[in-house]
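This report concerns only the one structure given below.
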Amino acid sequence: MTGLDRQLVTALKDVHAQEQHVQAVLSEALTSVADEPELCRPLGHFAERAHFYNRAIEERLHAHGASPSIVKDAGTLFASVAEAAFGPGHRSGAAKYLRDAYSAVHLQIAAGELLRRLAERAGDPDTARVAAGMCADGHEIAEQLSGNWDLALEVALRGHGFGRPRRHGSDP
């Protein structure tokens with residue numbers, strides 16, 4: 001295995017651990033906004049695609065005679081569990097979860113861009129295709145998520161006991 005191949009395997013393990021974290025965060029987010037279909041749809045789509053890419057990355061690791069890093073996966077899952085345990089939780093976290101999902105999808109895009117380029121240099125077109133797909137899906141999902149900022153804020157404010165905010169100039 002060349003040095004470039006080792007770098008590719010390390011990158012695949014990193015992306016796998018990242019996808020594990022994304023899946024855990026999205027699971028908590030979906031539970032928290034389960035009764036808000038407009039928020040569940042894009043988050044659910046993101047969770048479905050993250051699961052797909054997690055499996056595809058595992059396949060690429062196996063193709064290189066490697067497997068996911070138990071240490072990296074455990075670390076990211078621990079971070080996700082700790083965040084869920086100490087985070088705001090439930091409906092008050094809707095805006096936070098949308099923010100985190102939006103950030104996560106952009107991390108996925110960045111990881112995919114770097115992985116694609118590394119795979120191309122290492123002569124691995126199959127991994128490059130998986131990475132390119134991650135990027136394309138990521139851009140689509142980011143657009144879907146960004147259409148829900150107002151709803152996420154409204155749900156979060158309701159979770160804190162505030163009704164729909166009044167418009168500027170309305171009666172108190």
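Going through the structure tokens in order, the chains are called A, B, and so on, while each chain numbers its residues from 1 and the ligands are numbered from 1 in the order shown.
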
(request) Please provide as a ChimeraX atom specification all residues within 9 Å of Lys96 in chain A, with the sequence filter that same-chain residues fewer than 5 positions apart are discarded (counting only C-alpha atoms). (result) /A:29,88,101,152-153,156

For the residues in that selection, give me all heavy atoms as a PDB file, in the first residue's frame.
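Dumped to selection-v9.pdb:
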```pdb
ATOM      1  N   ALA A  29     -32.537  14.958  16.401  1.00  0.00           N
ATOM      2  CA  ALA A  29     -33.298  16.063  15.815  1.00  0.00           C
ATOM      3  C   ALA A  29     -34.671  15.592  15.354  1.00  0.00           C
ATOM      4  O   ALA A  29     -35.682  16.251  15.607  1.00  0.00           O
ATOM      5  CB  ALA A  29     -32.524  16.673  14.650  1.00  0.00           C
ATOM      6  N   PRO A  88     -30.446  21.279  24.591  1.00  0.00           N
ATOM      7  CA  PRO A  88     -31.728  21.852  24.983  1.00  0.00           C
ATOM      8  C   PRO A  88     -32.887  20.876  24.892  1.00  0.00           C
ATOM      9  O   PRO A  88     -33.827  20.966  25.648  1.00  0.00           O
ATOM     10  CB  PRO A  88     -31.921  23.025  24.016  1.00  0.00           C
ATOM     11  CG  PRO A  88     -31.096  22.683  22.838  1.00  0.00           C
ATOM     12  CD  PRO A  88     -29.945  21.859  23.359  1.00  0.00           C
ATOM     13  N   ALA A 101     -27.763  20.662  11.657  1.00  0.00           N
ATOM     14  CA  ALA A 101     -27.888  19.874  10.432  1.00  0.00           C
ATOM     15  C   ALA A 101     -27.322  20.643   9.241  1.00  0.00           C
ATOM     16  O   ALA A 101     -26.625  20.070   8.393  1.00  0.00           O
ATOM     17  CB  ALA A 101     -29.349  19.502  10.176  1.00  0.00           C
ATOM     18  N   ALA A 152     -38.351  26.702  12.046  1.00  0.00           N
ATOM     19  CA  ALA A 152     -37.550  26.189  13.162  1.00  0.00           C
ATOM     20  C   ALA A 152     -37.517  27.196  14.307  1.00  0.00           C
ATOM     21  O   ALA A 152     -37.639  26.813  15.483  1.00  0.00           O
ATOM     22  CB  ALA A 152     -36.138  25.865  12.693  1.00  0.00           C
ATOM     23  N   LEU A 153     -37.385  28.467  13.984  1.00  0.00           N
ATOM     24  CA  LEU A 153     -37.386  29.489  15.031  1.00  0.00           C
ATOM     25  C   LEU A 153     -38.743  29.560  15.713  1.00  0.00           C
ATOM     26  O   LEU A 153     -38.838  29.653  16.939  1.00  0.00           O
ATOM     27  CB  LEU A 153     -37.000  30.847  14.450  1.00  0.00           C
ATOM     28  CG  LEU A 153     -36.924  31.978  15.457  1.00  0.00           C
ATOM     29  CD1 LEU A 153     -35.903  31.666  16.551  1.00  0.00           C
ATOM     30  CD2 LEU A 153     -36.589  33.285  14.755  1.00  0.00           C
ATOM     31  N   ALA A 156     -39.075  26.634  18.023  1.00  0.00           N
ATOM     32  CA  ALA A 156     -38.213  26.823  19.191  1.00  0.00           C
ATOM     33  C   ALA A 156     -38.816  27.837  20.154  1.00  0.00           C
ATOM     34  O   ALA A 156     -38.821  27.609  21.372  1.00  0.00           O
ATOM     35  CB  ALA A 156     -36.826  27.274  18.751  1.00  0.00           C
TER      36      ALA A 156
END
```

Residues near Val155 in chain A, anyone? I mean within 12 Å using only C-alpha atoms, not counting same-chain ones fewer than 3 positions away, as a PDB file with C-alpha atoms, in the first residue's frame.
```
ATOM      1  CA  SER A  32     -37.385  16.398  18.794  1.00  0.00           C
ATOM      2  CA  VAL A  33     -39.421  17.713  15.857  1.00  0.00           C
ATOM      3  CA  ALA A  34     -41.457  14.588  15.103  1.00  0.00           C
ATOM      4  CA  ASP A  35     -44.744  16.513  15.005  1.00  0.00           C
ATOM      5  CA  GLU A  36     -43.441  19.124  12.542  1.00  0.00           C
ATOM      6  CA  PRO A  37     -43.567  17.476   9.094  1.00  0.00           C
ATOM      7  CA  GLU A  38     -42.031  20.486   7.353  1.00  0.00           C
ATOM      8  CA  LEU A  39     -38.927  20.087   9.495  1.00  0.00           C
ATOM      9  CA  HIS A  90     -37.353  18.638  22.471  1.00  0.00           C
ATOM     10  CA  ARG A  91     -39.141  21.418  20.641  1.00  0.00           C
ATOM     11  CA  SER A  92     -37.018  24.214  22.087  1.00  0.00           C
ATOM     12  CA  GLY A  93     -34.078  22.759  20.187  1.00  0.00           C
ATOM     13  CA  ALA A  94     -35.681  22.919  16.728  1.00  0.00           C
ATOM     14  CA  ALA A  95     -33.658  25.944  15.632  1.00  0.00           C
ATOM     15  CA  LYS A  96     -30.475  24.462  17.102  1.00  0.00           C
ATOM     16  CA  TYR A  97     -31.045  21.167  15.308  1.00  0.00           C
ATOM     17  CA  LEU A  98     -31.644  22.875  11.988  1.00  0.00           C
ATOM     18  CA  ASN A 148     -37.032  26.166   7.076  1.00  0.00           C
ATOM     19  CA  TRP A 149     -35.298  28.787   9.220  1.00  0.00           C
ATOM     20  CA  ASP A 150     -38.507  30.674  10.106  1.00  0.00           C
ATOM     21  CA  LEU A 151     -40.399  27.506  10.999  1.00  0.00           C
ATOM     22  CA  ALA A 152     -37.550  26.189  13.162  1.00  0.00           C
ATOM     23  CA  ARG A 158     -43.168  28.000  21.113  1.00  0.00           C
ATOM     24  CA  GLY A 159     -41.079  25.467  23.020  1.00  0.00           C
ATOM     25  CA  HIS A 160     -40.025  28.284  25.335  1.00  0.00           C
ATOM     26  CA  GLY A 161     -43.611  29.455  25.851  1.00  0.00           C
ATOM     27  CA  PHE A 162     -43.682  32.219  23.282  1.00  0.00           C
ATOM     28  CA  GLY A 163     -46.490  32.275  20.758  1.00  0.00           C
ATOM     29  CA  ARG A 164     -46.001  33.365  17.207  1.00  0.00           C
ATOM     30  CA  PRO A 165     -44.030  36.630  17.338  1.00  0.00           C
TER      31      PRO A 165
END
```

If you count only C-alpha atoms, which residues fall within 8 Å of Ala122 in chain A, apart from same-chain ones fewer than 3 positions away, as a PDB file with C-alpha atoms, in the first residue's frame?
```pdb
ATOM      1  CA  LEU A   4      -1.260   7.913  -0.926  1.00  0.00           C
ATOM      2  CA  ASP A   5      -3.375   4.788  -0.404  1.00  0.00           C
ATOM      3  CA  LEU A   8      -7.058   7.646   1.363  1.00  0.00           C
ATOM      4  CA  LEU A 118      -7.656  12.444  -2.886  1.00  0.00           C
ATOM      5  CA  ALA A 119      -9.379   9.415  -4.447  1.00  0.00           C
TER       6      ALA A 119
END
```

(message) For a quick check of understanding, using only C-alpha atoms, which of A:Glu48, A:Met1, A:Ser146, A:Gln7 has the smallest distance to Arg121 in chain A?
(response) A:Gln7

(request) May I have the residues within 7 Å of range 105-110 of chain A as a PyMOL selection string, using only C-alpha atoms and disregarding those fewer than 3 positions away in the same chain? (result) chain A and resi 101-102+113-114+134-135+138+142

Output of the above residues as an mmCIF file, in the first residue's frame, restricted to C-alpha atoms:
```cif
data_model
loop_
_atom_site.group_PDB
_atom_site.id
_atom_site.type_symbol
_atom_site.label_atom_id
_atom_site.label_comp_id
_atom_site.auth_asym_id
_atom_site.auth_seq_id
_atom_site.Cartn_x
_atom_site.Cartn_y
_atom_site.Cartn_z
ATOM 1 C CA ALA A 101 -27.888 19.874 10.432
ATOM 2 C CA TYR A 102 -27.081 22.773 8.102
ATOM 3 C CA GLU A 113 -14.680 17.481 -1.907
ATOM 4 C CA LEU A 114 -11.392 16.550 -0.239
ATOM 5 C CA MET A 134 -21.962 13.127 -1.210
ATOM 6 C CA CYS A 135 -21.242 16.627 -2.440
ATOM 7 C CA GLY A 138 -25.164 17.796 0.299
ATOM 8 C CA ALA A 142 -28.561 22.344 2.280
#
```

(message) So that I can see what lies close to range 11-14 of chain A, please list as a ChimeraX atom specification the residues with an atom at most 7 Å from it, counting only C-alpha atoms and leaving out residues fewer than 4 positions away in the same chain.
(response) /A:7,18,57,61,68-69,115
